[in-house]
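Structure file query-v1.txt (compact mmCIF, C-alpha atoms and all ligand atoms) is printed below.
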```txt
# COMPACT_ATOMS: atom_id res chain seq x y z
CA MET A 1197 -0.88 -16.80 -6.38
CA ARG A 1198 -0.59 -13.19 -7.48
CA SER A 1199 -3.00 -10.60 -6.07
CA ILE A 1200 -3.43 -9.14 -9.54
CA ASP A 1201 -2.49 -10.51 -12.94
CA TRP A 1202 -3.40 -10.61 -16.63
CA ARG A 1203 -5.03 -13.70 -18.12
CA ARG A 1204 -6.73 -14.18 -21.47
CA ASP A 1205 -7.09 -10.44 -22.15
CA ARG A 1206 -8.56 -9.78 -18.73
CA VAL A 1207 -7.43 -8.49 -15.37
CA VAL A 1208 -7.67 -11.20 -12.73
CA ALA A 1209 -7.47 -10.20 -9.08
CA ILE A 1210 -8.17 -11.49 -5.61
CA ASP A 1211 -11.36 -9.84 -4.37
CA GLN A 1212 -10.00 -8.31 -1.17
CA THR A 1213 -13.47 -7.38 0.07
CA ARG A 1214 -14.27 -11.09 0.55
CA LEU A 1215 -11.27 -12.01 2.68
CA PRO A 1216 -10.74 -13.57 5.16
CA HIS A 1217 -13.90 -15.65 4.56
CA ASP A 1218 -13.52 -16.36 0.85
CA LEU A 1219 -10.43 -16.45 -1.31
CA ALA A 1220 -12.18 -15.56 -4.55
CA LEU A 1221 -10.96 -14.17 -7.85
CA ILE A 1222 -12.64 -11.52 -9.93
CA GLU A 1223 -12.21 -11.43 -13.69
CA ILE A 1224 -12.38 -7.94 -15.10
CA GLY A 1225 -13.05 -7.38 -18.79
CA THR A 1226 -14.04 -3.71 -18.91
CA VAL A 1227 -12.46 -0.47 -17.74
CA GLU A 1228 -15.67 0.39 -15.87
CA ALA A 1229 -15.47 -2.86 -13.89
CA LEU A 1230 -11.82 -2.18 -13.08
CA ILE A 1231 -12.64 1.30 -11.79
CA ASP A 1232 -15.45 -0.14 -9.70
CA ALA A 1233 -13.09 -2.77 -8.23
CA ILE A 1234 -10.60 -0.04 -7.31
CA LYS A 1235 -13.22 2.26 -5.78
CA ARG A 1236 -14.76 -0.48 -3.62
CA LEU A 1237 -11.28 -1.71 -2.57
CA ALA A 1238 -11.59 -5.15 -4.14
CA ILE A 1239 -8.19 -4.17 -5.56
CA ARG A 1240 -6.30 -2.01 -3.07
CA GLY A 1241 -2.86 -1.16 -1.72
CA ALA A 1242 -0.51 1.23 -3.50
CA PRO A 1243 1.65 -1.21 -5.52
CA ALA A 1244 -1.40 -3.29 -6.53
CA LEU A 1245 -3.02 -0.06 -7.69
CA GLY A 1246 0.07 0.65 -9.80
CA ALA A 1247 -0.36 -2.75 -11.45
CA ALA A 1248 -4.10 -2.12 -11.88
CA GLY A 1249 -3.40 1.23 -13.53
CA ALA A 1250 -0.99 -0.27 -16.04
CA LEU A 1251 -3.25 -3.26 -16.76
CA GLY A 1252 -6.22 -0.89 -17.09
CA VAL A 1253 -4.51 0.83 -20.00
CA ALA A 1254 -3.69 -2.56 -21.56
CA LEU A 1255 -7.36 -3.49 -21.20
CA ALA A 1256 -8.51 -0.24 -22.79
CA VAL A 1257 -6.17 -0.83 -25.74
CA ARG A 1258 -7.45 -4.38 -26.19
CA LEU A 1259 -11.02 -3.08 -26.25
CA SER A 1260 -10.34 -0.13 -28.60
CA PRO A 1261 -7.16 -0.93 -30.52
CA ASP A 1262 -7.82 1.66 -33.23
CA ASP A 1263 -9.07 4.47 -31.02
CA PRO A 1264 -6.25 6.16 -29.10
CA ALA A 1265 -8.54 8.99 -27.97
CA SER A 1266 -10.85 6.56 -26.24
CA VAL A 1267 -7.86 4.76 -24.67
CA ARG A 1268 -6.59 8.08 -23.32
CA SER A 1269 -9.96 8.94 -21.87
CA ALA A 1270 -10.26 5.45 -20.28
CA ALA A 1271 -6.74 5.87 -18.86
CA ALA A 1272 -7.71 9.21 -17.33
CA ALA A 1273 -10.73 7.59 -15.70
CA VAL A 1274 -8.62 4.79 -14.21
CA ARG A 1275 -6.05 7.35 -13.03
CA GLY A 1276 -8.78 9.24 -11.18
CA ALA A 1277 -10.41 6.22 -9.53
CA ARG A 1278 -8.60 6.99 -6.24
CA PRO A 1279 -6.53 10.13 -5.66
CA THR A 1280 -3.96 9.41 -2.96
CA ALA A 1281 -1.70 6.48 -3.92
CA VAL A 1282 0.71 7.87 -6.49
CA ASN A 1283 1.33 4.36 -7.83
CA LEU A 1284 -2.05 4.34 -9.62
CA ALA A 1285 -1.19 7.34 -11.79
CA TRP A 1286 2.39 6.08 -12.18
CA GLY A 1287 1.19 2.69 -13.49
CA VAL A 1288 -1.27 4.31 -15.90
CA ASP A 1289 1.36 6.71 -17.21
CA ARG A 1290 3.94 3.99 -17.76
CA ALA A 1291 1.64 1.91 -19.93
CA LEU A 1292 0.17 4.94 -21.69
CA ALA A 1293 3.64 6.13 -22.71
CA ARG A 1294 3.82 3.09 -25.04
CA LEU A 1295 0.49 3.76 -26.76
CA ASP A 1296 2.11 4.94 -29.98
CA GLN A 1297 3.98 1.64 -30.24
CA GLY A 1298 0.80 -0.47 -30.39
CA PRO A 1299 -1.17 -2.87 -28.18
CA ASP A 1300 1.62 -5.42 -27.70
CA ALA A 1301 4.01 -2.74 -26.46
CA VAL A 1302 1.41 -1.41 -24.01
CA LEU A 1303 0.76 -4.90 -22.65
CA ALA A 1304 4.48 -5.65 -22.41
CA GLU A 1305 4.99 -2.46 -20.38
CA ALA A 1306 2.07 -3.32 -18.08
CA LEU A 1307 3.44 -6.81 -17.50
CA ALA A 1308 6.87 -5.30 -16.80
CA VAL A 1309 5.27 -3.17 -14.06
CA LEU A 1310 4.05 -6.39 -12.45
CA GLU A 1311 7.42 -8.15 -12.70
CA GLU A 1312 9.30 -5.14 -11.36
CA ASP A 1313 6.92 -4.85 -8.43
CA VAL A 1314 7.77 -8.37 -7.30
CA ALA A 1315 11.52 -7.81 -7.68
CA CYS A 1316 11.42 -4.41 -5.93
CA ASN A 1317 9.46 -5.75 -3.01
CA ARG A 1318 11.86 -8.63 -2.47
CA ALA A 1319 14.84 -6.26 -2.60
CA LEU A 1320 13.35 -3.67 -0.24
CA SER A 1321 12.27 -6.42 2.15
CA GLU A 1322 15.82 -7.73 2.47
CA ARG A 1323 17.13 -4.20 2.94
CA GLY A 1324 14.44 -3.45 5.54
CA ALA A 1325 15.16 -6.65 7.45
CA ALA A 1326 18.88 -5.86 7.49
CA TRP A 1327 18.22 -2.30 8.67
CA LEU A 1328 16.05 -3.52 11.54
CA LEU A 1329 18.60 -6.12 12.61
CA ASP A 1330 21.24 -3.37 12.69
CA ASN A 1331 19.08 -0.88 14.58
CA VAL A 1332 16.72 -2.84 16.85
CA ALA A 1333 17.63 -5.21 19.66
CA GLY A 1334 16.50 -8.69 18.62
CA PRO A 1335 14.54 -10.83 18.42
CA VAL A 1336 12.49 -8.24 16.60
CA THR A 1337 8.91 -7.37 17.54
CA ILE A 1338 6.91 -5.20 15.15
CA GLN A 1339 3.75 -3.10 15.18
CA THR A 1340 2.15 -2.67 11.77
CA HIS A 1341 -0.93 -0.91 10.43
CA CYS A 1342 -3.32 -1.52 7.55
CA ASN A 1343 -2.20 -4.17 5.05
CA ALA A 1344 1.09 -3.79 3.25
CA GLY A 1345 1.42 -7.44 2.35
CA ALA A 1346 1.28 -9.54 -0.78
CA LEU A 1347 -2.37 -8.59 -1.20
CA ALA A 1348 -1.47 -4.91 -1.44
CA CYS A 1349 1.13 -5.64 -4.12
CA VAL A 1350 1.44 -8.06 -7.00
CA GLU A 1351 3.00 -10.53 -4.58
CA TRP A 1352 5.39 -10.64 -1.61
CA GLY A 1353 4.57 -7.29 0.10
CA THR A 1354 6.38 -4.23 1.47
CA ALA A 1355 6.01 -3.90 5.27
CA LEU A 1356 4.90 -7.54 5.45
CA GLY A 1357 7.70 -8.34 3.00
CA VAL A 1358 10.12 -7.08 5.65
CA VAL A 1359 8.26 -9.22 8.19
CA ARG A 1360 8.58 -12.21 5.87
CA ALA A 1361 12.32 -11.63 5.35
CA LEU A 1362 12.91 -11.41 9.11
CA HIS A 1363 10.81 -14.52 9.68
CA GLU A 1364 12.81 -16.44 7.08
CA ARG A 1365 16.02 -15.42 8.88
CA GLY A 1366 14.59 -16.72 12.19
CA ALA A 1367 14.90 -13.18 13.59
CA LEU A 1368 11.25 -12.26 14.13
CA ALA A 1369 9.55 -12.76 17.49
CA HIS A 1370 6.09 -11.25 17.04
CA VAL A 1371 3.92 -8.90 14.98
CA TYR A 1372 1.14 -6.73 16.39
CA ALA A 1373 -1.39 -5.87 13.68
CA ALA A 1374 -3.73 -2.92 14.19
CA GLU A 1375 -7.25 -3.71 13.00
CA THR A 1376 -7.38 -0.51 10.87
CA ARG A 1377 -10.80 1.03 11.13
CA PRO A 1378 -13.08 1.46 9.33
CA LEU A 1379 -12.50 -1.21 6.67
CA LEU A 1380 -10.34 -3.52 8.80
CA GLN A 1381 -7.51 -4.16 6.35
CA GLY A 1382 -5.40 -5.15 9.38
CA ALA A 1383 -7.90 -7.56 10.91
CA ARG A 1384 -9.14 -9.04 7.66
CA LEU A 1385 -6.06 -9.03 5.44
CA THR A 1386 -2.85 -8.63 7.46
CA VAL A 1387 -3.85 -11.23 10.03
CA TRP A 1388 -4.84 -13.59 7.22
CA GLU A 1389 -1.43 -13.15 5.59
CA LEU A 1390 0.50 -13.48 8.87
CA ALA A 1391 -1.32 -16.72 9.65
CA ARG A 1392 -0.50 -18.12 6.21
CA MET A 1393 3.16 -17.16 6.73
CA GLY A 1394 3.25 -18.85 10.12
CA VAL A 1395 4.31 -15.60 11.82
CA PRO A 1396 3.37 -15.29 15.53
CA HIS A 1397 0.94 -12.37 15.72
CA THR A 1398 -1.68 -10.58 17.78
CA LEU A 1399 -4.52 -8.35 16.63
CA VAL A 1400 -4.94 -5.07 18.52
CA VAL A 1401 -7.54 -2.34 18.15
CA ASP A 1402 -6.10 0.81 16.60
CA SER A 1403 -6.32 2.74 19.84
CA ALA A 1404 -4.21 0.11 21.66
CA ALA A 1405 -1.23 0.38 19.34
CA ALA A 1406 0.30 3.33 21.24
CA SER A 1407 0.19 1.28 24.44
CA VAL A 1408 1.91 -1.65 22.71
CA LEU A 1409 4.76 0.74 21.90
CA ALA A 1410 4.77 2.46 25.30
CA ARG A 1411 5.02 -0.90 27.05
CA GLY A 1412 7.97 -1.93 24.90
CA GLN A 1413 6.04 -4.84 23.36
CA ALA A 1414 6.91 -3.76 19.81
CA LYS A 1415 10.46 -2.58 19.12
CA ALA A 1416 9.70 -1.00 15.73
CA VAL A 1417 6.76 0.23 13.68
CA VAL A 1418 6.88 -0.99 10.07
CA VAL A 1419 4.26 0.24 7.61
CA GLY A 1420 3.85 0.78 3.88
CA ALA A 1421 3.03 4.03 2.09
CA ASP A 1422 0.68 5.35 -0.56
CA ARG A 1423 2.90 8.30 -1.39
CA VAL A 1424 6.15 9.77 -0.12
CA THR A 1425 6.64 13.42 -0.99
CA ALA A 1426 9.91 15.12 -1.94
CA ASN A 1427 10.60 16.26 1.63
CA GLY A 1428 10.02 12.80 3.16
CA ASP A 1429 6.45 13.21 4.42
CA VAL A 1430 4.67 9.85 4.31
CA ILE A 1431 1.05 9.42 3.30
CA ASN A 1432 -0.40 6.12 4.42
CA LYS A 1433 -3.60 4.60 5.81
CA VAL A 1434 -5.29 6.83 8.39
CA GLY A 1435 -3.93 5.92 11.80
CA THR A 1436 -0.29 5.89 10.70
CA TYR A 1437 0.32 9.44 11.96
CA PRO A 1438 -0.86 8.70 15.52
CA LEU A 1439 1.30 5.58 15.45
CA ALA A 1440 4.31 7.70 14.48
CA LEU A 1441 3.61 10.16 17.31
CA ALA A 1442 3.44 7.27 19.77
CA ALA A 1443 6.59 5.72 18.32
CA ALA A 1444 8.51 8.98 18.72
CA HIS A 1445 7.40 9.29 22.34
CA ALA A 1446 8.37 5.68 23.05
CA GLY A 1447 11.74 6.03 21.27
CA VAL A 1448 10.75 3.33 18.78
CA PRO A 1449 11.87 3.61 15.11
CA MET A 1450 9.15 4.43 12.59
CA VAL A 1451 10.07 2.51 9.44
CA VAL A 1452 8.33 2.86 6.08
CA ALA A 1453 8.87 0.12 3.49
CA ALA A 1454 7.95 1.22 -0.02
CA PRO A 1455 9.17 0.89 -3.60
CA GLU A 1456 10.67 3.89 -5.40
CA SER A 1457 7.44 4.04 -7.43
CA THR A 1458 5.71 5.31 -4.27
CA ILE A 1459 8.07 8.28 -4.04
CA ASP A 1460 6.61 11.35 -5.70
CA LEU A 1461 9.36 13.92 -6.17
CA SER A 1462 6.98 16.22 -8.05
CA THR A 1463 4.93 16.84 -4.89
CA PRO A 1464 6.83 18.97 -2.37
CA THR A 1465 5.13 18.03 0.92
CA GLY A 1466 2.28 16.05 2.41
CA LYS A 1467 0.15 19.22 2.51
CA ASP A 1468 0.06 19.12 -1.29
CA VAL A 1469 -1.49 15.63 -1.48
CA ASP A 1470 -5.17 14.98 -2.19
CA ILE A 1471 -6.28 12.87 0.76
CA GLU A 1472 -9.22 10.64 -0.17
CA VAL A 1473 -12.34 11.19 1.91
CA ARG A 1474 -14.68 8.21 1.72
CA GLY A 1475 -18.41 7.92 2.34
CA PRO A 1476 -20.15 7.91 5.72
CA ASP A 1477 -21.49 4.34 5.63
CA GLU A 1478 -18.01 2.91 6.31
CA VAL A 1479 -18.08 4.71 9.68
CA THR A 1480 -21.75 4.78 10.67
CA THR A 1481 -22.49 1.12 10.00
CA TRP A 1482 -20.97 -2.15 11.14
CA GLY A 1483 -21.57 -5.26 9.05
CA GLY A 1484 -24.43 -3.43 7.38
CA ALA A 1485 -26.13 -2.46 10.68
CA PRO A 1486 -26.22 1.18 11.82
CA VAL A 1487 -24.03 2.04 14.84
CA ALA A 1488 -24.63 5.80 14.87
CA PRO A 1489 -27.85 7.84 14.83
CA ALA A 1490 -29.31 8.19 11.35
CA GLY A 1491 -27.90 11.17 9.47
CA THR A 1492 -24.70 11.49 11.54
CA GLY A 1493 -22.05 13.41 9.64
CA THR A 1494 -18.61 11.83 9.25
CA LEU A 1495 -15.13 12.88 8.22
CA ASN A 1496 -13.85 9.63 6.79
CA TYR A 1497 -10.26 10.39 5.81
CA ALA A 1498 -8.78 7.26 4.21
CA PHE A 1499 -5.18 8.39 4.72
CA ASP A 1500 -3.09 10.69 6.88
CA VAL A 1501 0.21 12.52 6.58
CA THR A 1502 3.11 11.59 8.82
CA PRO A 1503 5.58 14.48 8.84
CA ALA A 1504 9.12 13.62 7.77
CA ALA A 1505 10.42 14.56 11.23
CA LEU A 1506 8.59 11.52 12.65
CA VAL A 1507 9.84 9.05 10.02
CA THR A 1508 13.02 7.29 11.11
CA ALA A 1509 13.66 5.39 7.88
CA ILE A 1510 12.15 4.90 4.45
CA VAL A 1511 13.47 1.70 2.92
CA THR A 1512 13.17 1.20 -0.83
CA GLU A 1513 14.64 -1.34 -3.24
CA SER A 1514 17.63 0.94 -3.81
CA ARG A 1515 18.29 3.00 -0.67
CA VAL A 1516 17.49 3.88 2.93
CA ILE A 1517 16.36 7.49 3.48
CA LEU A 1518 16.48 8.87 7.05
CA PRO A 1519 13.98 11.80 7.13
CA ALA A 1520 13.95 12.34 10.91
CA THR A 1521 17.66 13.14 10.80
CA GLY A 1522 17.46 15.32 7.69
CA GLY A 1523 17.47 12.81 4.82
CA ARG A 1524 15.20 13.69 1.89
CA PRO A 1525 13.99 11.51 -0.98
CA ASP A 1526 15.07 14.26 -3.40
CA ASP A 1527 18.64 14.35 -2.01
CA ARG A 1528 19.76 12.30 -4.97
CA PRO A 1529 18.08 10.61 -7.91
CA PRO A 1530 16.67 7.19 -6.96
CA ARG A 1531 18.75 5.09 -9.33
C1 LIG B 1 2.08 -1.83 0.33
S1 LIG B 1 0.57 -1.09 0.55
C2 LIG B 1 0.84 0.47 1.35
C3 LIG B 1 -0.42 1.24 1.46
O1 LIG B 1 -1.06 1.27 0.23
C4 LIG B 1 -1.35 0.67 2.55
O2 LIG B 1 -0.72 0.76 3.79
C5 LIG B 1 -2.63 1.45 2.55
O3 LIG B 1 -2.73 2.49 3.17
C6 LIG B 1 -3.71 0.94 1.69
O4 LIG B 1 -4.90 1.66 1.81
P1 LIG B 1 -6.19 1.10 1.08
O5 LIG B 1 -7.24 2.14 1.35
O6 LIG B 1 -6.50 -0.22 1.69
O7 LIG B 1 -5.85 1.00 -0.39
```
Show how you would write the structure in this file as structure tokens.
Ligand SMILES: CSC[C@@H](O)[C@@H](O)C(=O)COP(=O)(O)O
Amino acid sequence: MRSIDWRRDRVVAIDQTRLPHDLALIEIGTVEALIDAIKRLAIRGAPALGAAGALGVALAVRLSPDDPASVRSAAAAVRGARPTAVNLAWGVDRALARLDQGPDAVLAEALAVLEEDVACNRALSERGAAWLLDNVAGPVTIQTHCNAGALACVEWGTALGVVRALHERGALAHVYAAETRPLLQGARLTVWELARMGVPHTLVVDSAAASVLARGQAKAVVVGADRVTANGDVINKVGTYPLALAAAHAGVPMVVAAPESTIDLSTPTGKDVDIEVRGPDEVTTWGGAPVAPAGTGTLNYAFDVTPAALVTAIVTESRVILPATGGRPDDRPPR
């Protein structure tokens, strides 16, 4: 099953807010509903957002086939639904570039984004697995953060795609998944995916992940990314930066698995990226019940910036970049 797809002129997606309790689909027939699904993280994860962006333009064209101005304004609204993952804007722009060629061309481009996502993730997963087997003493143990699995993509996954590739080779011993406060993408989604894959795994609280590395229980950190800037800074779910600091101190490689579509050569460094700040309720409540005094202020960064110097390897479908030893995504064109 794909996390996001196109059926009968609608976007169909797994509602990621309902996992792990319910595996339910949402059918989306308006641009407003798509934006709402993106904002409330029913559709989430950078590559899935790329697919949503492209399909959002296809949806807008289906709804207003003779009104390019309204399609462009709908596309801008989808593009702005979340600011940090570059894939969302990339997906919108790819589909929008075909607007002059008519609705069928726009839909064909959007569907191509979906197909390419699957192929890219499989390719980068094999490359990532091979890199780990060359650079980490086996059998491999991994610490991951957030959810960079099939749910975060169209299917297959990036960081969890690497996990899957290692598992299929019989080379994976264990995965430690950080719960990923405040919305628990690790506890709710990554653990659900690992269980379905039959991968041995353990859930740890975010603040225990550094100790897992310090004790030598995980031999590599493998995460996804929402954006990689031209200098190799990595923007990913908040909590990735502390994990990278701990990995550097423990002498453990910090590996980022991401498609080329996540690399943003037009943004020089992580300092130039708009980091989404989400509302206070995600921090001050737990399961709907307050856990902090009423009116407590929060600073709910959804993402953080891991400086290139702390990133051992970025593995894409076409290359391995080594930022910590001077490699830069803009060293050479991707393909
Ligand atoms: C392959 S997904 C990579 C990232 O998008 C993922 O790690 C992440 O940070 C997702 O954040 P989210 O806020 O759940 O959309």
Rows by chain and residue number, region 1384-1498 of chain A within 10 Å of region 1212-1223 of chain A, shortest pair, all atoms listed in the file, as CSV:
```
residue,atom,partner,partner_atom,distance
A:Arg1384,CA,A:Pro1216,CA,5.4
A:Leu1385,CA,A:Pro1216,CA,6.5
A:Thr1386,CA,A:Pro1216,CA,9.6
A:Val1387,CA,A:Pro1216,CA,8.8
A:Trp1388,CA,A:Pro1216,CA,6.2
A:Glu1389,CA,A:Pro1216,CA,9.3
```
Residues contacting ligand LIG 1 (chain B) - anything with an atom at most 8 Å away, using only C-alpha atoms and all ligand atoms - can you give me those as a ChimeraX atom specification?
/A:1237,1239-1245,1281,1341-1346,1348-1349,1353-1355,1379,1381,1419-1422,1431-1434,1453-1454,1498-1499
Pick out the residues sitting within 12 Å of Arg1365 (chain A), and hand them over as a PyMOL selection string; count all atoms listed in the file, and ignore anything fewer than 5 positions along from it in its own chain.
chain A and resi 1321-1322+1325-1326+1329+1334-1336+1358-1360
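Here CA of Glu1311 (chain A) and CA of Arg1275 (chain A) stand 20.5 Å from one another.
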Local residues around (-4.3, 10.0, -1.1), at most 6 Å away, using all atoms listed in the file, as a PDB file with C-alpha atoms, keeping the file's coordinate frame:
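Final file, result15.pdb:
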```pdb
ATOM      1  CA  PRO A1279      -6.530  10.130  -5.660  1.00  0.00           C
ATOM      2  CA  THR A1280      -3.960   9.410  -2.960  1.00  0.00           C
ATOM      3  CA  ALA A1281      -1.700   6.480  -3.920  1.00  0.00           C
ATOM      4  CA  ASP A1470      -5.170  14.980  -2.190  1.00  0.00           C
ATOM      5  CA  ILE A1471      -6.280  12.870   0.760  1.00  0.00           C
ATOM      6  CA  GLU A1472      -9.220  10.640  -0.170  1.00  0.00           C
TER       7      GLU A1472
END
```
With distances taken over all atoms listed in the file, which of A:Gly1298, A:Gly1523, A:Pro1503, A:Gly1466 is nearest to Thr1425 (chain A)?
A:Gly1466
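Residue nearest Asp1429 (chain A) within the list A:Val1401, A:Ile1459, A:Ala1444, A:Val1309: A:Ile1459 [criterion: smallest interatomic distance, all atoms listed in the file].
For the residues A:Ala1488, A:Thr1340, A:Ala1209, A:Gly1394, ranking by smallest atom-to-atom distance to Ala1233 (chain A) using all atoms listed in the file places A:Ala1209 first.
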Rank nothing, just name the residue among A:Ala1247, A:Val1417, A:Val1479, A:Val1507 nearest to Gln1339 (chain A), using only C-alpha atoms.
A:Val1417
Skip Val1253 (chain A) itself and residues of its chain fewer than 5 positions away, then list as a ChimeraX atom specification all residues within 7 Å of it, counting all atoms listed in the file.
/A:1267,1271,1288,1291-1292
If we count all atoms listed in the file, what is near Thr1398 (chain A) at a cut-off of 10 Å, once residues fewer than 5 positions away on the same chain are taken out, given as a ChimeraX atom specification?
/A:1339,1370-1374,1383,1387,1390
With only C-alpha atoms as the basis for distance, which of A:Ala1485, A:Leu1251, A:Leu1461, A:Val1451 is at the shortest distance from Ile1517 (chain A)?
A:Val1451
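For the atom pair formed by CA of Tyr1497 (chain A) and CA of Gln1413 (chain A), the distance is 28.4 Å, given to one decimal.
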